[in-house]
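J.: Take a look at the following structure, please.
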Amino acid sequence: MTTSVCPFSKAARPDDVSIRKQGEMNASGCPFSKAARPDDASARKQGETAASGCPFSKSARPDDASARNQGEISNKGCPEDEGKLNKDSTDSATVPAKCPFGYDSQTFKLGPFSCMLCQALLYESSRCVPCTHVFCKVCLARFKDCPLCGADIESIEADENLQKMVDQFIEGHARIKRTVVNGTEKEEVENDNKKVIYADVSMERGSFLVQQAMRAFSAQNYESAKSRLAMCTEDIRDQLGREGNTPELCSQLGAVLGMLGDCSRALGDSSSAVKHFEESIEFLMKLPMNDLEITHTLSVSLNKIGDLKYYDEELEAARSFYDRALKVRRDAVKHHPNSPSQILDVAVSLAKVADIDRSLQNEDAATDGFEEGMKLLESLKLDSGDSALEQRRLSVLEFLKKQVEKPEQSAETAL
């Protein structure tokens with residue numbers, strides 16, 4: 001008699017995120033990656049999204065002079081706990097602790113509430129009949145046989161009890177408040193007059209939700225991703241209400257709203273996508289424009305609205321947003337003249353604006369824009385190790401040359 005394999009046993013599940021294939025979106029980051037955005041040189045279809053670092057980490061882009069520490073979390077420790085910790089390590093013991101379900105920040109393994117297909121937390125949990133294996137509703141809808149055991153699926157039933165447990169877990173996850181000791185967020189517990197300092201229990205709630213959303217998005221489970229991101233925005237707005245418009249919270253909310261815009265666009269909801277992108281821009285505009293990460297994220301959101309307007313054939317509106325993105329990128333180059341990626345961004349924006357000018361029968365302006373972009377890229381000197389940037393430079397340069405010599409395709413399609 002063959003025993004069925006439990007989907008949550010060590011043997012039955014991948015517990016390393018690195019084994020997943022890279023889809024339209026990297027599971028370790030969000031839609032603001034420098035590597036592959038819809039407005040970058042690599043050809044991308046409408047609705048596709050790439051990702052960069054989590055908006056709750058402070059990792060900077062490679063050419064950002066103000067490089068930030070990886071993994072820094074914005075949430076501050078609980079004021080009630082401040083002053084309790086004794087810095088003398090001889091009087092305390094550090095106890096490694098993990099989330100009981102395996103959702104800890106160090107390994108981020110799959111847990112019992114994970115969908116084996118999208119590897120995110122279950123959303124609209126659905127059970128196969130008769131094998132009883134459970135997956136997200138959207139993920140399971142793509143199969144006729146159980147993707148885990150191969151049994152025929154006679155019917156699919158909603159598992160409301162399991163979904164309630166998942167929702168309760170999300171609600172309570174990472175609610176532990178930590179005080180800060182030596183730059184690290186930790187929790188203090190007293191036991192027999194000896195202080196016990198617990199190590200990082202799990203990811204902060206914001207980072208956790210964003211990570212789950214990214215996994216769902218990469219598996220095209222857009223409703224799941226949208227739900228997690230919506231919860232994340234609610235948390236940040238709550239913090240904004242208590243702490244005011246701090247730069248860190250505005251940056252986080254701007255990034256998450258941009259991701260929500262990507263989800264809405266992938267679902268075909270252009271009006272909601274524009275709304276989210278516009279709100280993202282509103283918060284990002286409150287931040288200093290001398291930060292490369294912020295300016296790039298801002299310009300990408302502007303270009304995404306421009307793309308949506310272009311698809312709706314609102315050419316004047318599209319040009320307005322493309323032009324705003326171009327101005328943001330020009331200003332960024334003034335602050336960081338030695339940043340190759342910023343110069344490439346300017347060239348891409350020039351191509352977008354010029355393409356709209358051509359569509360509006362303004363051929364002289366279009367030619368000037370294409371030629372200016374060509375000059376920027378031809379004079380750009382890259383290090384031998386910047387193979388990805390060099391490939392992108394050549395791709396954009398080839399497109400610009402074709403537009404000057406024999407225009408055939410739009411910038412939105414090529415870039």
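Numbering starts fresh at 1 for the residues of each chain in the structure tokens, the chains themselves are lettered A, B, ... in the order given, and ligands are numbered from 1 as they appear.
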Can you pull out every residue within 9 Å of A:Leu389, counting only C-alpha atoms, but drop anything in the same chain fewer than 5 positions away, and send it as a compact mmCIF listing (two decimals) with C-alpha atoms, in the first residue's frame?
T.:
```
# COMPACT_ATOMS: atom_id res chain seq x y z
CA ALA A 35 17.08 45.22 -14.31
CA PRO A 340 25.54 54.98 -16.36
CA SER A 341 22.09 53.61 -15.54
CA LEU A 344 20.45 55.01 -20.08
CA LEU A 382 30.96 51.44 -19.41
CA LEU A 394 23.29 48.48 -27.44
```
J.: So which residues of stretch 331-396 of chain A fall under helix (DSSP H, G or I) by DSSP, listed as a ChimeraX atom specification?
T.: /A:331-335,340-359,363-379,387-396
J.: Using only C-alpha atoms, which protein or nucleic acid residues come within 12 Å of A:Pro288? Drop anything in the same chain fewer than 3 positions from it, and give the result as a list in words.
T.: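 Residues meeting the cut-off are Thr246, Pro247, Glu248, Cys250, Ser251, Phe283, Leu284, Met285, Asp291, Leu292, Glu293, Ile294, Thr295, Leu298, Val328, Asp331, Ala332 and His335 of chain A.
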J.: Write out as a list of chain:residue names which residues come within 12 Å of A:Asp323 when counting only C-alpha atoms, dropping same-chain ones fewer than 5 positions away.
T.: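 The residues satisfying every condition are A:Ser299, A:Val300, A:Leu302, A:Asn303, A:Ile305, A:Gly306, A:Leu315, A:Glu316, A:Ala317, A:Ala318, A:Val328, A:Arg329, A:Arg330, A:Val346, A:Val348, A:Ser349, A:Leu350, A:Ala351, A:Lys352, A:Val353, A:Ala354, A:Asp355, A:Ile356, A:Asp357, A:Gly369.
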J.: Calculated over only C-alpha atoms, which of the candidates A:Met259, A:Lys309, A:Gln212, A:Gly206 has the smallest distance to A:Glu234?
T.: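 Looking at the shortest contact to A:Glu234, the residue is A:Gly206.
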J.: Which residue is closest to A:Ser270? Choose from A:Leu148, A:Ile156, A:Leu308, A:Ala225 and count only C-alpha atoms.
T.: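 So, comparing all the options, the nearest one is A:Leu308.
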J.: One decimal, Å: what's the distance from atom CA of A:Glu398 over to atom CA of A:Leu377, could you say?
T.: 10.2 Å
J.: To one decimal place, how far is atom CA of A:Gln239 from atom CA of A:Lys286 in Å?
T.: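 Those two atoms sit 16.4 Å apart.
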J.: Find the distance between atom CA of A:Leu240 and atom CA of A:Leu253 and write it in Å to one decimal.
T.: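 These two atoms are separated by 9.4 Å.
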J.: Name the closest residue to A:Ala120 among the candidates A:Glu223, A:Asp235, A:Asp269, A:Asp386; distances are taken between atoms, counting only C-alpha atoms.
T.: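 Residue with the minimum atom-to-atom distance to A:Ala120: A:Glu223.
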